[in-house]
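Enquirer: Structure supplied as data.json; contents: JSON, C-alpha atoms.
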[["chain", "number", "residue", "atom", "x", "y", "z"],
["A", 27, "MET", "CA", 93.70, 129.99, 113.30],
["A", 28, "ALA", "CA", 95.42, 129.65, 116.67],
["A", 29, "GLY", "CA", 98.13, 127.03, 117.06],
["A", 30, "PRO", "CA", 98.11, 124.12, 119.52],
["A", 31, "VAL", "CA", 97.90, 125.15, 123.17],
["A", 32, "SER", "CA", 98.26, 121.72, 124.82],
["A", 33, "ALA", "CA", 100.42, 118.62, 124.37],
["A", 34, "ARG", "CA", 97.43, 116.68, 123.03],
["A", 35, "GLU", "CA", 96.63, 119.36, 120.47],
["A", 36, "ALA", "CA", 100.29, 119.40, 119.43],
["A", 37, "LEU", "CA", 100.14, 115.65, 118.96],
["A", 38, "ALA", "CA", 97.07, 115.98, 116.73],
["A", 39, "ALA", "CA", 98.78, 118.72, 114.70],
["A", 40, "TRP", "CA", 101.88, 116.54, 114.29],
["A", 41, "LEU", "CA", 99.88, 113.56, 113.02],
["A", 42, "GLU", "CA", 98.07, 115.84, 110.56],
["A", 43, "HIS", "CA", 101.46, 117.13, 109.39],
["A", 44, "LEU", "CA", 102.70, 113.55, 108.87],
["A", 45, "GLU", "CA", 99.59, 112.60, 106.91],
["A", 46, "LYS", "CA", 99.10, 115.65, 104.71],
["A", 47, "GLU", "CA", 102.59, 117.08, 104.29],
["A", 48, "ARG", "CA", 104.88, 114.09, 104.73],
["A", 49, "ARG", "CA", 102.37, 111.66, 103.16],
["A", 50, "ALA", "CA", 103.07, 109.00, 105.77],
["A", 51, "SER", "CA", 101.33, 105.67, 105.27],
["A", 52, "PRO", "CA", 98.30, 104.75, 107.45],
["A", 53, "ARG", "CA", 100.44, 102.11, 109.15],
["A", 54, "THR", "CA", 103.13, 104.67, 110.04],
["A", 55, "LEU", "CA", 100.51, 107.11, 111.33],
["A", 56, "GLU", "CA", 98.98, 104.42, 113.52],
["A", 57, "ALA", "CA", 102.35, 103.30, 114.93],
["A", 58, "TYR", "CA", 103.66, 106.84, 115.55],
["A", 59, "GLY", "CA", 100.39, 108.02, 117.06],
["A", 60, "PHE", "CA", 100.22, 105.01, 119.38],
["A", 61, "ALA", "CA", 103.80, 105.53, 120.60],
["A", 62, "ALA", "CA", 103.39, 109.27, 121.16],
["A", 63, "ARG", "CA", 100.10, 108.83, 123.04],
["A", 64, "ARG", "CA", 101.76, 106.30, 125.35],
["A", 65, "TYR", "CA", 104.60, 108.77, 125.83],
["A", 66, "LEU", "CA", 102.26, 111.59, 126.87],
["A", 67, "ALA", "CA", 100.28, 109.24, 129.13],
["A", 68, "PHE", "CA", 103.50, 108.21, 130.87],
["A", 69, "LEU", "CA", 104.56, 111.83, 131.39],
["A", 70, "GLU", "CA", 101.14, 112.64, 132.80],
["A", 71, "GLN", "CA", 101.38, 109.80, 135.30],
["A", 72, "HIS", "CA", 105.05, 110.44, 136.06],
["A", 73, "ARG", "CA", 104.59, 114.16, 136.69],
["A", 74, "GLY", "CA", 101.16, 113.94, 138.28],
["A", 75, "GLY", "CA", 99.41, 116.15, 135.75],
["A", 76, "THR", "CA", 98.75, 116.78, 132.08],
["A", 77, "PRO", "CA", 101.96, 118.11, 130.47],
["A", 78, "SER", "CA", 101.82, 121.49, 128.78],
["A", 79, "LEU", "CA", 103.69, 122.47, 125.64],
["A", 80, "ALA", "CA", 106.34, 124.12, 127.79],
["A", 81, "ASP", "CA", 106.64, 120.93, 129.84],
["A", 82, "LEU", "CA", 107.55, 118.98, 126.69],
["A", 83, "GLY", "CA", 110.50, 121.30, 126.21],
["A", 84, "GLY", "CA", 111.73, 120.34, 129.67],
["A", 85, "VAL", "CA", 111.51, 116.57, 129.42],
["A", 86, "THR", "CA", 114.81, 115.11, 130.62],
["A", 87, "PRO", "CA", 116.81, 112.17, 129.24],
["A", 88, "ALA", "CA", 116.13, 110.36, 132.54],
["A", 89, "GLU", "CA", 112.38, 110.65, 131.96],
["A", 90, "VAL", "CA", 112.68, 109.30, 128.41],
["A", 91, "ARG", "CA", 114.76, 106.37, 129.67],
["A", 92, "ALA", "CA", 112.16, 105.75, 132.38],
["A", 93, "TRP", "CA", 109.46, 105.68, 129.70],
["A", 94, "LEU", "CA", 111.43, 103.15, 127.65],
["A", 95, "ALA", "CA", 111.93, 101.01, 130.78],
["A", 96, "HIS", "CA", 108.19, 101.23, 131.40],
["A", 97, "LEU", "CA", 107.49, 99.97, 127.88],
["A", 98, "ARG", "CA", 110.09, 97.20, 128.22],
["A", 99, "GLY", "CA", 108.44, 95.89, 131.37],
["A", 100, "GLY", "CA", 104.87, 96.55, 130.29],
["A", 101, "GLU", "CA", 102.12, 94.20, 129.22],
["A", 102, "PRO", "CA", 102.88, 93.11, 126.63],
["A", 103, "PRO", "CA", 106.61, 93.91, 126.93],
["A", 104, "LEU", "CA", 108.09, 95.51, 123.83],
["A", 105, "SER", "CA", 110.99, 94.00, 121.92],
["A", 106, "PRO", "CA", 114.18, 96.02, 121.32],
["A", 107, "ARG", "CA", 113.01, 96.69, 117.76],
["A", 108, "SER", "CA", 109.63, 98.01, 118.96],
["A", 109, "LEU", "CA", 111.34, 100.15, 121.63],
["A", 110, "SER", "CA", 113.63, 101.61, 118.99],
["A", 111, "GLN", "CA", 110.63, 102.42, 116.77],
["A", 112, "ALA", "CA", 108.79, 104.05, 119.70],
["A", 113, "LEU", "CA", 111.82, 106.23, 120.49],
["A", 114, "SER", "CA", 112.11, 107.19, 116.82],
["A", 115, "ALA", "CA", 108.46, 108.28, 116.84],
["A", 116, "VAL", "CA", 108.97, 110.47, 119.91],
["A", 117, "ARG", "CA", 112.12, 112.03, 118.45],
["A", 118, "THR", "CA", 110.17, 112.89, 115.31],
["A", 119, "PHE", "CA", 107.42, 114.41, 117.46],
["A", 120, "HIS", "CA", 109.95, 116.59, 119.30],
["A", 121, "ARG", "CA", 111.52, 117.74, 116.04],
["A", 122, "PHE", "CA", 108.07, 118.91, 114.97],
["A", 123, "LEU", "CA", 107.61, 120.73, 118.28],
["A", 124, "ASP", "CA", 110.95, 122.47, 117.76],
["A", 125, "ARG", "CA", 110.59, 123.43, 114.10],
["A", 126, "ARG", "CA", 106.89, 124.27, 113.98],
["A", 127, "LEU", "CA", 106.02, 125.39, 117.50],
["A", 128, "GLY", "CA", 109.32, 126.65, 118.86],
["A", 129, "ILE", "CA", 109.42, 124.12, 121.70],
["A", 130, "ALA", "CA", 113.01, 122.89, 121.62],
["A", 131, "ASN", "CA", 114.34, 119.93, 123.59],
["A", 132, "SER", "CA", 117.94, 119.00, 122.82],
["A", 133, "ALA", "CA", 117.96, 116.39, 125.59],
["A", 134, "ILE", "CA", 115.98, 113.88, 123.50],
["A", 135, "ALA", "CA", 118.97, 113.41, 121.20],
["A", 136, "LEU", "CA", 121.06, 112.24, 124.18],
["A", 137, "VAL", "CA", 118.91, 109.15, 124.71],
["A", 138, "ARG", "CA", 120.21, 106.04, 122.96],
["A", 139, "GLY", "CA", 117.78, 103.39, 121.90],
["A", 140, "PRO", "CA", 118.36, 99.66, 122.39],
["A", 141, "LYS", "CA", 120.70, 97.94, 119.99],
["A", 142, "VAL", "CA", 118.73, 96.25, 117.25],
["A", 143, "ARG", "CA", 120.33, 93.68, 115.04],
["A", 144, "PRO", "CA", 118.59, 93.90, 111.66],
["A", 145, "GLY", "CA", 117.18, 90.58, 110.58],
["A", 146, "ALA", "CA", 117.72, 89.23, 107.11],
["A", 147, "PRO", "CA", 114.67, 89.26, 104.80],
["A", 148, "ARG", "CA", 112.89, 85.92, 104.50],
["A", 149, "PRO", "CA", 111.98, 85.41, 100.84],
["A", 150, "VAL", "CA", 110.28, 82.43, 99.25],
["A", 151, "SER", "CA", 111.92, 80.35, 96.55],
["A", 152, "GLU", "CA", 111.13, 80.80, 92.86],
["A", 153, "ASP", "CA", 108.98, 77.65, 92.87],
["A", 154, "GLN", "CA", 107.13, 78.80, 95.98],
["A", 155, "ALA", "CA", 106.47, 82.22, 94.44],
["A", 156, "ARG", "CA", 105.07, 80.57, 91.32],
["A", 157, "GLY", "CA", 102.92, 78.32, 93.50],
["A", 158, "LEU", "CA", 101.48, 81.25, 95.45],
["A", 159, "ILE", "CA", 100.59, 83.06, 92.24],
["A", 160, "ALA", "CA", 99.05, 80.01, 90.53],
["A", 161, "GLU", "CA", 97.11, 78.66, 93.52],
["A", 162, "PRO", "CA", 94.15, 81.14, 93.49],
["A", 163, "GLY", "CA", 93.20, 79.87, 90.01],
["A", 164, "LEU", "CA", 92.92, 76.33, 91.38],
["A", 165, "ASP", "CA", 90.36, 77.20, 94.07],
["A", 166, "PRO", "CA", 86.91, 75.91, 92.99],
["A", 167, "ASP", "CA", 85.17, 78.03, 95.65],
["A", 168, "ARG", "CA", 86.45, 81.31, 94.29],
["A", 169, "GLU", "CA", 84.82, 83.14, 91.37],
["A", 170, "ASP", "CA", 86.98, 83.38, 88.27],
["A", 171, "TRP", "CA", 87.32, 87.16, 88.43],
["A", 172, "GLU", "CA", 88.41, 87.02, 92.09],
["A", 173, "ALA", "CA", 91.03, 84.41, 91.28],
["A", 174, "SER", "CA", 92.29, 86.57, 88.41],
["A", 175, "ARG", "CA", 92.39, 89.60, 90.69],
["A", 176, "ASP", "CA", 94.41, 87.81, 93.38],
["A", 177, "GLN", "CA", 96.79, 86.43, 90.77],
["A", 178, "ALA", "CA", 97.27, 89.92, 89.31],
["A", 179, "VAL", "CA", 98.01, 91.48, 92.71],
["A", 180, "LEU", "CA", 100.49, 88.76, 93.69],
["A", 181, "THR", "CA", 102.15, 88.96, 90.27],
["A", 182, "LEU", "CA", 102.66, 92.71, 90.81],
["A", 183, "LEU", "CA", 104.26, 92.10, 94.22],
["A", 184, "TYR", "CA", 106.67, 89.51, 92.87],
["A", 185, "GLY", "CA", 107.16, 90.77, 89.30],
["A", 186, "CYS", "CA", 107.61, 94.46, 90.17],
["A", 187, "GLY", "CA", 108.70, 94.31, 93.81],
["A", 188, "LEU", "CA", 105.77, 96.46, 94.96],
["A", 189, "ARG", "CA", 104.50, 96.88, 98.49],
["A", 190, "ILE", "CA", 100.84, 95.91, 99.01],
["A", 191, "SER", "CA", 99.86, 99.58, 99.39],
["A", 192, "GLU", "CA", 101.62, 100.45, 96.14],
["A", 193, "ALA", "CA", 99.88, 97.71, 94.17],
["A", 194, "LEU", "CA", 96.48, 98.67, 95.59],
["A", 195, "SER", "CA", 97.06, 102.36, 94.81],
["A", 196, "LEU", "CA", 96.89, 101.68, 91.08],
["A", 197, "THR", "CA", 93.84, 103.11, 89.34],
["A", 198, "ARG", "CA", 91.90, 102.06, 86.26],
["A", 199, "SER", "CA", 93.77, 104.69, 84.23],
["A", 200, "ASP", "CA", 97.03, 102.83, 84.92],
["A", 201, "ALA", "CA", 95.86, 99.82, 82.89],
["A", 202, "PRO", "CA", 96.67, 98.42, 80.41],
["A", 203, "LEU", "CA", 100.02, 98.62, 82.17],
["A", 204, "PRO", "CA", 102.78, 100.38, 80.21],
["A", 205, "SER", "CA", 106.32, 99.05, 79.90],
["A", 206, "SER", "CA", 107.18, 100.85, 83.14],
["A", 207, "LEU", "CA", 105.24, 102.24, 86.09],
["A", 208, "ARG", "CA", 105.84, 105.40, 88.09],
["A", 209, "ILE", "CA", 105.31, 104.33, 91.69],
["A", 210, "THR", "CA", 105.06, 106.67, 94.68],
["A", 211, "GLY", "CA", 106.27, 104.83, 97.78],
["A", 212, "LYS", "CA", 107.14, 105.68, 101.37],
["A", 213, "GLY", "CA", 107.70, 109.33, 102.14],
["A", 214, "GLY", "CA", 106.44, 110.34, 98.72],
["A", 215, "LYS", "CA", 109.56, 108.91, 97.05],
["A", 216, "THR", "CA", 108.92, 108.20, 93.36],
["A", 217, "ARG", "CA", 110.59, 105.46, 91.36],
["A", 218, "ILE", "CA", 110.26, 103.87, 87.92],
["A", 219, "VAL", "CA", 109.57, 100.13, 87.87],
["A", 220, "PRO", "CA", 109.78, 98.02, 84.68],
["A", 221, "VAL", "CA", 106.70, 95.90, 83.97],
["A", 222, "LEU", "CA", 107.24, 92.36, 82.75],
["A", 223, "PRO", "CA", 104.90, 90.92, 80.09],
["A", 224, "ALA", "CA", 103.67, 88.35, 82.64],
["A", 225, "VAL", "CA", 102.60, 91.17, 84.97],
["A", 226, "ARG", "CA", 100.84, 93.03, 82.17],
["A", 227, "GLU", "CA", 99.04, 89.87, 81.08],
["A", 228, "ALA", "CA", 97.88, 89.06, 84.61],
["A", 229, "VAL", "CA", 96.36, 92.52, 85.04],
["A", 230, "GLN", "CA", 94.67, 92.31, 81.62],
["A", 231, "ALA", "CA", 93.20, 88.91, 82.50],
["A", 232, "TYR", "CA", 91.68, 90.46, 85.63],
["A", 233, "LEU", "CA", 90.29, 93.44, 83.70],
["A", 234, "ALA", "CA", 88.64, 91.11, 81.20],
["A", 235, "GLU", "CA", 86.67, 89.45, 84.00],
["A", 236, "VAL", "CA", 86.04, 92.09, 86.68],
["A", 237, "PRO", "CA", 82.23, 92.57, 86.88],
["A", 238, "PHE", "CA", 82.29, 96.25, 87.93],
["A", 239, "ALA", "CA", 82.48, 99.40, 85.83],
["A", 240, "LEU", "CA", 85.65, 101.21, 86.84],
["A", 241, "GLY", "CA", 86.08, 104.96, 86.42],
["A", 242, "PRO", "CA", 89.53, 106.21, 85.33],
["A", 243, "ALA", "CA", 90.44, 107.58, 88.78],
["A", 244, "GLU", "CA", 88.94, 104.70, 90.75],
["A", 245, "PRO", "CA", 90.96, 101.87, 92.37],
["A", 246, "LEU", "CA", 91.92, 99.17, 89.91],
["A", 247, "PHE", "CA", 91.51, 96.25, 92.30],
["A", 248, "ARG", "CA", 88.06, 95.63, 93.77],
["A", 249, "ALA", "CA", 86.66, 93.56, 96.61],
["A", 250, "LYS", "CA", 83.78, 91.10, 96.24],
["A", 251, "ARG", "CA", 81.10, 93.79, 96.70],
["A", 252, "GLY", "CA", 82.79, 96.36, 94.51],
["A", 253, "GLY", "CA", 84.66, 98.46, 97.06],
["A", 254, "PRO", "CA", 88.43, 98.97, 97.00],
["A", 255, "LEU", "CA", 90.44, 95.85, 97.79],
["A", 256, "SER", "CA", 92.04, 96.11, 101.23],
["A", 257, "PRO", "CA", 95.57, 95.14, 102.30],
["A", 258, "ARG", "CA", 93.99, 92.88, 104.90],
["A", 259, "HIS", "CA", 92.32, 90.85, 102.14],
["A", 260, "VAL", "CA", 95.64, 90.31, 100.38],
["A", 261, "GLN", "CA", 97.26, 89.23, 103.65],
["A", 262, "ALA", "CA", 94.40, 86.84, 104.46],
["A", 263, "THR", "CA", 94.49, 85.40, 100.94],
["A", 264, "VAL", "CA", 98.22, 84.62, 101.17],
["A", 265, "GLN", "CA", 97.69, 83.15, 104.64],
["A", 266, "GLY", "CA", 95.17, 80.70, 103.17],
["A", 267, "LEU", "CA", 97.38, 79.94, 100.18],
["A", 268, "ARG", "CA", 100.44, 79.12, 102.27],
["A", 269, "GLY", "CA", 98.32, 76.78, 104.37],
["A", 270, "ARG", "CA", 97.24, 74.87, 101.27],
["A", 271, "LEU", "CA", 100.78, 74.82, 99.90],
["A", 272, "GLY", "CA", 102.45, 73.88, 103.18],
["A", 273, "LEU", "CA", 104.61, 77.04, 103.28],
["A", 274, "PRO", "CA", 105.96, 78.62, 106.50],
["A", 275, "ASP", "CA", 104.42, 81.63, 108.21],
["A", 276, "SER", "CA", 107.17, 83.78, 106.70],
["A", 277, "ALA", "CA", 105.50, 83.36, 103.28],
["A", 278, "THR", "CA", 103.64, 86.68, 103.37],
["A", 279, "PRO", "CA", 102.73, 89.18, 100.64],
["A", 280, "HIS", "CA", 105.78, 91.23, 101.61],
["A", 281, "ALA", "CA", 107.95, 88.11, 101.23],
["A", 282, "LEU", "CA", 107.16, 88.28, 97.50],
["A", 283, "ARG", "CA", 108.79, 91.73, 97.42],
["A", 284, "HIS", "CA", 111.77, 90.28, 99.29],
["A", 285, "SER", "CA", 111.89, 87.46, 96.75],
["A", 286, "PHE", "CA", 111.86, 89.93, 93.86],
["A", 287, "ALA", "CA", 115.04, 91.53, 95.25],
["A", 288, "THR", "CA", 116.76, 88.32, 96.30],
["A", 289, "HIS", "CA", 116.16, 86.55, 93.00],
["A", 290, "LEU", "CA", 117.40, 89.57, 91.05],
["A", 291, "LEU", "CA", 120.54, 89.64, 93.18],
["A", 292, "GLY", "CA", 121.07, 85.92, 92.62],
["A", 293, "ALA", "CA", 120.76, 86.45, 88.88],
["A", 294, "GLY", "CA", 123.53, 89.05, 88.88],
["A", 295, "ALA", "CA", 121.74, 92.39, 89.35],
["A", 296, "ASP", "CA", 123.79, 95.00, 91.21],
["A", 297, "LEU", "CA", 122.73, 96.44, 94.56],
["A", 298, "ARG", "CA", 122.32, 100.01, 93.30],
["A", 299, "SER", "CA", 119.83, 98.89, 90.65],
["A", 300, "ILE", "CA", 117.87, 96.84, 93.19],
["A", 301, "GLN", "CA", 117.89, 99.83, 95.55],
["A", 302, "GLU", "CA", 116.29, 101.98, 92.84],
["A", 303, "LEU", "CA", 113.73, 99.32, 91.94],
["A", 304, "LEU", "CA", 112.66, 98.87, 95.56],
["A", 305, "GLY", "CA", 112.67, 102.58, 96.36],
["A", 306, "HIS", "CA", 115.02, 102.24, 99.35],
["A", 307, "ALA", "CA", 116.36, 105.55, 100.62],
["A", 308, "SER", "CA", 119.53, 103.91, 101.92],
["A", 309, "LEU", "CA", 121.77, 101.34, 100.27],
["A", 310, "SER", "CA", 122.31, 99.73, 103.69],
["A", 311, "THR", "CA", 118.67, 98.63, 103.64],
["A", 312, "THR", "CA", 119.17, 96.91, 100.29],
["A", 313, "GLN", "CA", 122.41, 95.29, 101.46],
["A", 314, "ARG", "CA", 120.42, 93.02, 103.77],
["A", 315, "TYR", "CA", 119.58, 90.95, 100.70],
["A", 316, "THR", "CA", 123.23, 90.00, 100.30],
["A", 317, "GLN", "CA", 122.91, 88.08, 103.58],
["A", 318, "VAL", "CA", 120.09, 86.01, 102.09],
["A", 319, "ASP", "CA", 121.91, 85.39, 98.82],
["A", 320, "ALA", "CA", 125.12, 84.39, 100.60],
["A", 321, "ALA", "CA", 123.17, 82.03, 102.85],
["A", 322, "SER", "CA", 121.44, 80.38, 99.87],
["A", 323, "LEU", "CA", 124.77, 79.94, 98.07],
["A", 324, "LEU", "CA", 126.30, 78.34, 101.16],
["A", 325, "ALA", "CA", 123.30, 76.03, 101.56],
["A", 326, "ALA", "CA", 123.54, 74.98, 97.90],
["A", 327, "TYR", "CA", 127.29, 74.38, 98.30],
["A", 328, "GLU", "CA", 126.84, 72.24, 101.39],
["A", 329, "LYS", "CA", 124.09, 70.24, 99.73],
["A", 330, "ALA", "CA", 125.89, 69.68, 96.42],
["A", 331, "HIS", "CA", 129.61, 69.47, 97.22],
["A", 332, "PRO", "CA", 130.77, 65.88, 97.68],
["A", 333, "ARG", "CA", 133.08, 66.80, 100.56],
["A", 334, "ALA", "CA", 130.65, 69.09, 102.36]]
Mind turning the file's structure into structure tokens?
Expert:
Amino acid sequence: MAGPVSAREALAAWLEHLEKERRASPRTLEAYGFAARRYLAFLEQHRGGTPSLADLGGVTPAEVRAWLAHLRGGEPPLSPRSLSQALSAVRTFHRFLDRRLGIANSAIALVRGPKVRPGAPRPVSEDQARGLIAEPGLDPDREDWEASRDQAVLTLLYGCGLRISEALSLTRSDAPLPSSLRITGKGGKTRIVPVLPAVREAVQAYLAEVPFALGPAEPLFRAKRGGPLSPRHVQATVQGLRGRLGLPDSATPHALRHSFATHLLGAGADLRSIQELLGHASLSTTQRYTQVDAASLLAAYEKAHPRA
């Protein structure tokens, strides 16, 4: 089979490589594809014609900076973080062009992205986490099995520090949950996560009530009509729960994963262990949680100390 002969075909081949070989998440594929398509569209407009594969090898740093400026002043304008992510996507695309198609462009590495100050994670408190997990069972408009399902998913996020996609990737053969789970996260990175009794019990309570027959390889968590539960449902459920509980917009499903890490750190767990449990490739990513823990300690000090 012939290789890509145009920039658009190369883009399609790159996205297929990310999906099938690098096992990138759907969200990453969408973000990278969107950024690269905007990049090619800009080059087409800037150069007055559709760029060829050879043209991509000749893209200059000035053109990349012009593209970033175009995104910064576009509608809607992109934040420094979004600009940095778009540049990262295009660099990854060019690395693919170099390694797989022999179209090198060393100039891309000369372009610096905007400075992005990493924000601290925004976890919920222990009481708020318990409230989010308990609240589905108090909703009279929700069927018992749906309430048990939502409680099980949220308990996995908080009790095991899973991402939504990781929790929803569990199959029927994974339950009853063992004492530890082997989770495959971003980039195909595998980690072992201990399973608390409360997590195991929540999943068993859901299994006792789910009205659908589940095959061993089928998704464990099901939607109302029997299909796989979607991340969007989990996000919408937490949005409704935080409204009833009076929690801020930062109380998201992913905040439960942040809370898992922050509460472990506050209880004395070391950063390396938390890094392994979360599946972070870099310790610097995990170190962001020390900012949260230090801030909570300072807030407690200022609230409790008589001379504060």
Enquirer: Name the closest residue to Arg53 of chain A among the candidates A:Gln230, A:Ser191, A:Ser174, A:Gln261; distances are taken between atoms, counting all atoms listed in the file.
Expert: A:Ser191
Enquirer: Neighbouring residues of Ala80 of chain A were defined as those with any atom within 10 Å, considering all atoms listed in the file; residues of the same chain fewer than 4 positions away were excluded. Please report them as a list of chain:residue names.
Expert: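 Residues near the query, excluding close chain neighbours: A:Val31, A:Ser32, A:Ala33, A:Gly84, A:Val85, A:Gly128, A:Ile129, A:Ala130, A:Asn131.
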Enquirer: Find the distance between atom CA of Val221 of chain A and atom CA of Asp296 of chain A and write it in Å to one decimal.
Expert: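 If I compute the distance from atom CA of Val221 of chain A to atom CA of Asp296 of chain A, I get 18.6 Å.
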Enquirer: At a cut-off of 9 Å, using all atoms listed in the file, what residues contact Leu109 of chain A? Leave out same-chain residues fewer than 5 positions from it and give the result as a PyMOL selection string.
Expert: chain A and resi 94+97-98+104+114+139-140
Enquirer: Could you please determine the separation between atom CA of Pro245 of chain A and atom CA of Ala193 of chain A in Å, to one decimal place?
Expert: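 For atom CA of Pro245 of chain A relative to atom CA of Ala193 of chain A, the distance reads 10.0 Å.
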Enquirer: Fewer than 6 positions away in the same chain doesn't count, so skip those; otherwise give me all residues within 6 Å of Val219 of chain A, counting only C-alpha atoms, as a list of chain:residue names.
Expert: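 Counting only C-alpha atoms, the residues come to A:Ser206, A:Leu207, A:Leu303.
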Enquirer: Could you work out an axis-aligned box for segment 64-76 of chain A, taking every atom the file lists and adding 8 Å on each side, and report centre and edge lengths in Å to one decimal, as JSON?
Expert:
{"center_x": 101.9, "center_y": 111.5, "center_z": 131.8, "size_x": 22.3, "size_y": 26.5, "size_z": 28.9}
Enquirer: Could you check how far atom CA of Gln71 of chain A sits from atom CA of Arg125 of chain A, in Å to one decimal?
Expert: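 That distance, rounded to one decimal, is 26.8 Å.
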Enquirer: Show me, as a short mmCIF file (atom, residue, chain, number, x, y, z; two decimals) with C-alpha atoms, in the frame of the given file, the residues that have an atom within 9 Å of Tyr58 of chain A when counting all atoms listed in the file, minus same-chain residues fewer than 4 positions from it.
Expert:
data_model
loop_
_atom_site.label_atom_id
_atom_site.label_comp_id
_atom_site.auth_asym_id
_atom_site.auth_seq_id
_atom_site.Cartn_x
_atom_site.Cartn_y
_atom_site.Cartn_z
CA LEU A 41 99.88 113.56 113.02
CA ARG A 53 100.44 102.11 109.15
CA THR A 54 103.13 104.67 110.04
CA ALA A 62 103.39 109.27 121.16
CA ARG A 63 100.10 108.83 123.04
CA GLN A 111 110.63 102.42 116.77
CA ALA A 112 108.79 104.05 119.70
CA SER A 114 112.11 107.19 116.82
CA ALA A 115 108.46 108.28 116.84
CA VAL A 116 108.97 110.47 119.91
CA THR A 118 110.17 112.89 115.31
CA PHE A 119 107.42 114.41 117.46
#
Enquirer: For each of A:Gly185, A:Gly99, A:Pro254, A:Gly266, take the minimum atom-to-atom distance to Pro162 of chain A, counting only C-alpha atoms, then give the residue where this is smallest.
Expert: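 Smallest separation from Pro162 of chain A among the options: A:Gly266.
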Enquirer: Of the residues A:Leu37, A:Leu271, A:Leu203, A:Ala224, which is the one nearest to Pro77 of chain A, using only C-alpha atoms?
Expert: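 The shortest atom-to-atom distance to Pro77 of chain A comes from A:Leu37.
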Enquirer: Which residues are close to segment 225-227 of chain A, i.e. within 12 Å by all atoms listed in the file, leaving aside same-chain residues fewer than 4 positions away? Reply as a ChimeraX atom specification.
Expert: /A:159,174-175,177-188,193,200-207,219-221,231-234
Enquirer: My list of candidates is A:Pro257, A:Pro106, A:Gly211, A:Pro87. Which is closest to His280 of chain A when distances are computed with only C-alpha atoms?
Expert: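 The shortest atom-to-atom distance to His280 of chain A comes from A:Pro257.
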Enquirer: Smallest atom-to-atom distance to Arg91 of chain A: which of A:Phe122, A:Ser105, A:Ser299, A:Arg138, using only C-alpha atoms?
Expert: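 Closest candidate: A:Arg138.
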Enquirer: Tell me which of A:Leu55, A:Ala38, A:Ala92, A:Ala135 sits closest to His72 of chain A, counting all atoms listed in the file.
Expert: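 Looking at the shortest contact to His72 of chain A, the residue is A:Ala92.
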